[in-house]
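Student: Got a structure for you, written out below as structure tokens; questions coming shortly.
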Amino acid sequence: MATSYRVTVEPVGKEVLCREDQPILDACLRAGIWLPHSCTHGTCGTCKAEVLDGEVDHGGSSSFALMDFERDEGRTLLCCATPRSDVTIEGDVEEEEGVEHFPVRDFTATVVSLDDVATDTRRIVLDLDSDLEFNPGQYLQVSVPGNGVTRTYSMANSPSEPRRVELHVRRTPGGVATDGWIFATLQIGDEIALAGPYGKFFYREARDEPAVLIAGGTGLAPMKSIIRRVLESDLRRTLVLYQGARTADQFYDRDFFAALAKDHPDRFEYRPCLSDEEHPDFAHGTVLDVLDADRPTLSGHVGYLCGPPPMVEAAMKLLMRKRLFPRDIYREDFLDERDKAQGSGVRSPLLKR
Ligand SMILES: Cc1cc2nc3c(=O)[nH]c(=O)nc-3n(C[C@H](O)[C@H](O)[C@H](O)COP(=O)(O)OP(=O)(O)OC[C@H]3O[C@@H](n4cnc5c(N)ncnc54)[C@H](O)[C@@H]3O)c2cc1C
Ligand code: FES
């Protein structure tokens, strides 16, 4: 059995046991100690913390997200760091009003459907062996069979469906999880090991400003969860979804959102956008072009952005030009191994969301 060490989280003084092969973040999230994190793969730097006492192994932390001088100064990435002794860390444990965090747990899931919904895009529906509580927008870590690797996928189901998970997965050519498994050998009836919920990208129910949701590609998944949750609740919130793709064959779930917009005209607006094709059913342009033309200002709104990192970064800049502050913008970048190797996923410590 792996040795466990005691991890003390300051400034709250909470203690948790962590195995020597377990990331410290994982031990904390499973014990109900919530610490800020985003990618959980050592790429973005969101989980950076000070090691006040004790020894850690930095594991697979990217050398861009955790630079050599930071390691020398006693910082670590909690999503990759494993303990080598009893450890005291200083985490950024600030509470957020109106937010309940749910502990991470393990699940066994069975594939109940697998559909090609657009070019190189699959919808996977899974039945879980127990209820999963989460905030809409959060994601799961999926274990890829046979190689000890995990990949992260956002949930598109509402929290009101605690046993049935919907994932949207885009194929990455040569990708271990997608090309090598999900688009190759995965079948209905297969069992999958999962853990969750993870992530700080989720809908803030306490914020009553109108929300602008911008989704590129499978960045639609967490938006679908958020929209479902808001529209099935009695929250009197308004949402507008800008969904983007290059061509019509890459687009999916258009009928689903069009029907919601028809049923909830006072609460939900839908703007599907195609950038590389003209089509009578879509606005022409990138989501950002269309949003820019639609709205001179977004003052008084909140923004939720999700999808490929370059799109999310460009959307962040546009929303700030439209008079939103970083504190009004929540983002999820679908970072992958290339971003980790190239350092393109590192986030400014000034951007807390
Ligand atoms: C929080 C979060 C949520 C996400 N949610 C979703 C979602 O809902 N849907 C979705 O489709 N995706 C999502 N992703 C992306 C997903 O987790 C995977 O990264 C993606 O599916 C690719 O995985 P893969 O194993 O197929 O590819 P990988 O094997 O990880 O390869 C990805 C790319 O990196 C390149 N690469 C691999 N290793 C290196 C290296 N050492 N140097 C340089 N390049 C390298 C590969 O050639 C390939 O182009 C999310 C990511 C994050 C961080
Ligand atoms: S959450 Fe640890 S580096 Fe991204």
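Going by the structure tokens order, chains are called A, B, ..., each with residues numbered from 1, while ligands are numbered from 1 in the order shown.
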Which residues come within 8 Å of region 316-321 of chain A, counting only C-alpha atoms, excluding same-chain residues fewer than 2 positions away, as a list in words?
Tutor: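 Neighbouring residues, sequence-local ones excluded: Leu288, Asp292, Leu298, Gly303, Leu305, Val312, Glu313, Ala314, Arg323, Leu324, Phe325, Pro326 and Ile329 of chain A.
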Student: Create the file for the chosen residues now, containing N, CA and C atoms and written as a PDB file, in the first residue's frame.
Tutor:
```pdb
ATOM      1  N   LEU A 288     -17.300  35.955 -32.594  1.00  0.00           N
ATOM      2  CA  LEU A 288     -16.851  37.256 -32.105  1.00  0.00           C
ATOM      3  C   LEU A 288     -17.261  38.376 -33.058  1.00  0.00           C
ATOM      4  N   ASP A 292     -19.798  41.220 -31.891  1.00  0.00           N
ATOM      5  CA  ASP A 292     -19.303  42.592 -31.998  1.00  0.00           C
ATOM      6  C   ASP A 292     -20.324  43.460 -32.736  1.00  0.00           C
ATOM      7  N   LEU A 298     -21.370  45.598 -23.526  1.00  0.00           N
ATOM      8  CA  LEU A 298     -21.903  44.511 -22.684  1.00  0.00           C
ATOM      9  C   LEU A 298     -21.866  44.925 -21.217  1.00  0.00           C
ATOM     10  N   GLY A 303     -19.940  37.227 -18.635  1.00  0.00           N
ATOM     11  CA  GLY A 303     -19.584  36.437 -19.801  1.00  0.00           C
ATOM     12  C   GLY A 303     -19.092  35.060 -19.393  1.00  0.00           C
ATOM     13  N   LEU A 305     -17.131  31.854 -21.368  1.00  0.00           N
ATOM     14  CA  LEU A 305     -16.432  31.541 -22.617  1.00  0.00           C
ATOM     15  C   LEU A 305     -15.881  30.125 -22.538  1.00  0.00           C
ATOM     16  N   VAL A 312     -11.027  31.483 -26.998  1.00  0.00           N
ATOM     17  CA  VAL A 312     -11.371  31.975 -25.655  1.00  0.00           C
ATOM     18  C   VAL A 312     -10.574  33.244 -25.359  1.00  0.00           C
ATOM     19  N   GLU A 313      -9.309  33.249 -25.740  1.00  0.00           N
ATOM     20  CA  GLU A 313      -8.475  34.430 -25.495  1.00  0.00           C
ATOM     21  C   GLU A 313      -9.011  35.636 -26.279  1.00  0.00           C
ATOM     22  N   ALA A 314      -9.376  35.395 -27.533  1.00  0.00           N
ATOM     23  CA  ALA A 314      -9.897  36.499 -28.361  1.00  0.00           C
ATOM     24  C   ALA A 314     -11.239  36.983 -27.798  1.00  0.00           C
ATOM     25  N   ARG A 323     -16.562  46.473 -22.305  1.00  0.00           N
ATOM     26  CA  ARG A 323     -16.723  47.047 -20.966  1.00  0.00           C
ATOM     27  C   ARG A 323     -17.041  46.029 -19.871  1.00  0.00           C
ATOM     28  N   LEU A 324     -16.609  44.785 -20.045  1.00  0.00           N
ATOM     29  CA  LEU A 324     -16.661  43.852 -18.921  1.00  0.00           C
ATOM     30  C   LEU A 324     -15.285  43.824 -18.260  1.00  0.00           C
ATOM     31  N   PHE A 325     -15.259  43.611 -16.962  1.00  0.00           N
ATOM     32  CA  PHE A 325     -14.007  43.465 -16.222  1.00  0.00           C
ATOM     33  C   PHE A 325     -13.671  41.974 -16.112  1.00  0.00           C
ATOM     34  N   PRO A 326     -12.386  41.634 -15.874  1.00  0.00           N
ATOM     35  CA  PRO A 326     -12.054  40.214 -15.706  1.00  0.00           C
ATOM     36  C   PRO A 326     -12.931  39.516 -14.671  1.00  0.00           C
ATOM     37  N   ILE A 329     -15.999  37.799 -16.104  1.00  0.00           N
ATOM     38  CA  ILE A 329     -15.817  36.843 -17.200  1.00  0.00           C
ATOM     39  C   ILE A 329     -15.302  35.507 -16.645  1.00  0.00           C
TER      40      ILE A 329
END
```
Student: Could you list, as a PyMOL selection string, all protein and nucleic acid residues with an atom at most 6 Å from ligand 1, counting only C-alpha atoms and all ligand atoms?
Tutor: chain A and resi 38-39+151-154+168-170+172+174-179+218+221+334-338+341
Student: With only C-alpha atoms as the basis for distance, which of A:Gly307, A:Val125, A:Gly216, A:Val302 is at the shortest distance from Pro272 (chain A)?
Tutor: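 Answer, going by the shortest atom-to-atom distance: A:Gly216.
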Student: One decimal, in Å: what's the spacing between CA of Leu274 (chain A) and CA of Leu140 (chain A)?
Tutor: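 That distance, rounded to one decimal, is 28.9 Å.
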Student: Report as a PyMOL selection string all protein, DNA and RNA residues lying within 12 Å of Glu97 (chain A), evaluated on only C-alpha atoms, omitting residues in the same chain fewer than 4 positions from it.
Tutor: chain A and resi 101+204-207
Student: Write as a ChimeraX atom specification the residues around ligand 2, taking 10 Å as the cut-off and counting only C-alpha atoms and all ligand atoms.
Tutor: /A:23,25,35-49,60-62,64-66,76-81,198-200,335,340,345-347
Student: Kindly save the residues from that selection, with C-alpha atoms included, as a tab-separated table (two decimals), in the first residue's frame.
Tutor:
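Saved the output as again_22.tsv:
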```tsv
chain	number	residue	atom	x	y	z
A	23	PRO	CA	-1.81	14.85	-6.40
A	25	LEU	CA	-5.19	18.93	-5.18
A	35	LEU	CA	-8.90	25.04	-3.99
A	36	PRO	CA	-8.85	26.96	-7.29
A	37	HIS	CA	-7.95	24.82	-10.28
A	38	SER	CA	-8.71	24.68	-13.96
A	39	CYS	CA	-6.96	22.14	-16.25
A	40	THR	CA	-5.81	19.61	-13.56
A	41	HIS	CA	-2.98	18.58	-15.95
A	42	GLY	CA	-0.17	20.98	-15.00
A	43	THR	CA	-0.72	23.36	-17.93
A	44	CYS	CA	-2.55	26.52	-16.83
A	45	GLY	CA	-0.93	27.43	-13.49
A	46	THR	CA	-4.26	28.17	-11.76
A	47	CYS	CA	-3.52	25.79	-8.85
A	48	LYS	CA	-0.10	27.30	-8.04
A	49	ALA	CA	0.57	27.39	-4.29
A	60	GLY	CA	4.18	16.29	-14.71
A	61	SER	CA	3.99	20.08	-14.18
A	62	SER	CA	4.78	21.96	-17.38
A	64	PHE	CA	6.08	26.95	-18.53
A	65	ALA	CA	3.33	26.83	-15.89
A	66	LEU	CA	5.87	26.24	-13.11
A	76	THR	CA	4.23	24.06	-6.82
A	77	LEU	CA	1.24	23.11	-8.97
A	78	LEU	CA	-1.11	21.26	-6.65
A	79	CYS	CA	-2.75	19.30	-9.49
A	80	CYS	CA	0.58	17.55	-10.20
A	81	ALA	CA	2.47	17.74	-6.89
A	198	TYR	CA	-13.67	19.36	-11.31
A	199	GLY	CA	-13.16	22.95	-12.37
A	200	LYS	CA	-13.96	26.51	-11.51
A	335	LEU	CA	-6.08	22.93	-23.22
A	340	LYS	CA	1.27	21.85	-22.16
A	345	GLY	CA	-1.94	27.48	-21.74
A	346	VAL	CA	-0.33	29.51	-18.96
A	347	ARG	CA	-2.76	32.01	-17.49
```
Student: Given only C-alpha atoms as the basis, pick out the residue of A:Val56, A:Met67, A:Val87, A:Ala258 nearest to Glu15 (chain A).
Tutor: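 Closest to Glu15 (chain A) of all the choices is A:Val87.
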Student: Which residues come within 12 Å of Gly54 (chain A), counting only C-alpha atoms, excluding same-chain residues fewer than 2 positions away, as JSON, numbers by chain?
Tutor: {"A": [5, 6, 7, 8, 50, 51, 52, 56, 57, 74, 75, 76, 82, 83, 84, 85, 86, 87, 88, 89]}
Student: So that I have them on file, write out the residues from the current selection with N, CA and C atoms, as a PDB file, in the first residue's frame.
Tutor:
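Result file is part-v7.pdb:
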```
ATOM      1  N   TYR A   5       0.856  10.856   3.542  1.00  0.00           N
ATOM      2  CA  TYR A   5       1.416  11.950   4.341  1.00  0.00           C
ATOM      3  C   TYR A   5       0.302  12.924   4.707  1.00  0.00           C
ATOM      4  N   ARG A   6       0.576  13.694   5.760  1.00  0.00           N
ATOM      5  CA  ARG A   6      -0.395  14.687   6.210  1.00  0.00           C
ATOM      6  C   ARG A   6      -0.135  16.004   5.474  1.00  0.00           C
ATOM      7  N   VAL A   7      -1.183  16.540   4.835  1.00  0.00           N
ATOM      8  CA  VAL A   7      -1.072  17.840   4.161  1.00  0.00           C
ATOM      9  C   VAL A   7      -1.905  18.850   4.951  1.00  0.00           C
ATOM     10  N   THR A   8      -1.269  19.933   5.366  1.00  0.00           N
ATOM     11  CA  THR A   8      -1.995  21.005   6.070  1.00  0.00           C
ATOM     12  C   THR A   8      -2.180  22.164   5.100  1.00  0.00           C
ATOM     13  N   GLU A  50       2.118  27.955  -2.522  1.00  0.00           N
ATOM     14  CA  GLU A  50       3.409  27.964  -1.822  1.00  0.00           C
ATOM     15  C   GLU A  50       3.521  26.699  -0.970  1.00  0.00           C
ATOM     16  N   VAL A  51       4.688  26.071  -1.007  1.00  0.00           N
ATOM     17  CA  VAL A  51       4.957  24.979  -0.060  1.00  0.00           C
ATOM     18  C   VAL A  51       5.677  25.626   1.126  1.00  0.00           C
ATOM     19  N   LEU A  52       4.972  25.725   2.259  1.00  0.00           N
ATOM     20  CA  LEU A  52       5.554  26.410   3.422  1.00  0.00           C
ATOM     21  C   LEU A  52       6.499  25.485   4.177  1.00  0.00           C
ATOM     22  N   VAL A  56       7.804  18.104  -1.834  1.00  0.00           N
ATOM     23  CA  VAL A  56       6.867  17.563  -2.832  1.00  0.00           C
ATOM     24  C   VAL A  56       7.644  17.155  -4.080  1.00  0.00           C
ATOM     25  N   ASP A  57       7.031  16.268  -4.855  1.00  0.00           N
ATOM     26  CA  ASP A  57       7.520  15.948  -6.199  1.00  0.00           C
ATOM     27  C   ASP A  57       6.608  16.711  -7.164  1.00  0.00           C
ATOM     28  N   GLY A  74       9.980  27.570  -3.883  1.00  0.00           N
ATOM     29  CA  GLY A  74       9.038  26.831  -3.042  1.00  0.00           C
ATOM     30  C   GLY A  74       7.606  26.852  -3.516  1.00  0.00           C
ATOM     31  N   ARG A  75       7.399  27.122  -4.817  1.00  0.00           N
ATOM     32  CA  ARG A  75       6.025  27.040  -5.322  1.00  0.00           C
ATOM     33  C   ARG A  75       5.805  25.695  -6.023  1.00  0.00           C
ATOM     34  N   THR A  76       4.548  25.322  -6.144  1.00  0.00           N
ATOM     35  CA  THR A  76       4.228  24.057  -6.820  1.00  0.00           C
ATOM     36  C   THR A  76       2.864  24.149  -7.477  1.00  0.00           C
ATOM     37  N   THR A  82       2.915  15.684  -5.702  1.00  0.00           N
ATOM     38  CA  THR A  82       2.619  14.606  -4.748  1.00  0.00           C
ATOM     39  C   THR A  82       3.554  14.770  -3.552  1.00  0.00           C
ATOM     40  N   PRO A  83       3.097  14.388  -2.354  1.00  0.00           N
ATOM     41  CA  PRO A  83       3.920  14.639  -1.168  1.00  0.00           C
ATOM     42  C   PRO A  83       5.045  13.624  -1.003  1.00  0.00           C
ATOM     43  N   ARG A  84       6.184  14.104  -0.480  1.00  0.00           N
ATOM     44  CA  ARG A  84       7.303  13.218  -0.143  1.00  0.00           C
ATOM     45  C   ARG A  84       7.591  13.257   1.360  1.00  0.00           C
ATOM     46  N   SER A  85       6.785  14.023   2.085  1.00  0.00           N
ATOM     47  CA  SER A  85       6.867  14.108   3.548  1.00  0.00           C
ATOM     48  C   SER A  85       5.555  14.757   3.990  1.00  0.00           C
ATOM     49  N   ASP A  86       5.356  14.941   5.284  1.00  0.00           N
ATOM     50  CA  ASP A  86       4.245  15.798   5.699  1.00  0.00           C
ATOM     51  C   ASP A  86       4.506  17.183   5.115  1.00  0.00           C
ATOM     52  N   VAL A  87       3.432  17.845   4.657  1.00  0.00           N
ATOM     53  CA  VAL A  87       3.598  19.092   3.896  1.00  0.00           C
ATOM     54  C   VAL A  87       2.612  20.135   4.408  1.00  0.00           C
ATOM     55  N   THR A  88       3.051  21.394   4.442  1.00  0.00           N
ATOM     56  CA  THR A  88       2.117  22.507   4.684  1.00  0.00           C
ATOM     57  C   THR A  88       2.130  23.390   3.446  1.00  0.00           C
ATOM     58  N   ILE A  89       0.949  23.670   2.907  1.00  0.00           N
ATOM     59  CA  ILE A  89       0.861  24.542   1.733  1.00  0.00           C
ATOM     60  C   ILE A  89       0.003  25.754   2.063  1.00  0.00           C
TER      61      ILE A  89
END
```
Student: Please return as an NGL selection string: the residues of region 8-200 of chain A that backbone DSSP assigns to strand (DSSP E).
Tutor: :A and (8-10 or 14-19 or 48-53 or 56-57 or 75-77 or 82-83 or 87-90 or 105-118 or 121-128 or 139-144 or 149-154 or 164-170 or 191-198)
Student: Take CA of Asp106 (chain A) and CA of Ile227 (chain A) and report the distance between them in Å, one decimal.
Tutor: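 Taking CA of Asp106 (chain A) as the start and CA of Ile227 (chain A) as the end point, the length is 26.0 Å.
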Student: With distances taken over only C-alpha atoms, which of A:Ser233, A:Thr238, A:Ser4, A:Ser225 is nearest to Phe201 (chain A)?
Tutor: A:Ser225
Student: From the options A:Gly91, A:Gly180, A:Gly217, A:Gly146, which residue's atoms come nearest to Thr121 (chain A), counting only C-alpha atoms?
Tutor: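 Nearest to Thr121 (chain A): A:Gly217.
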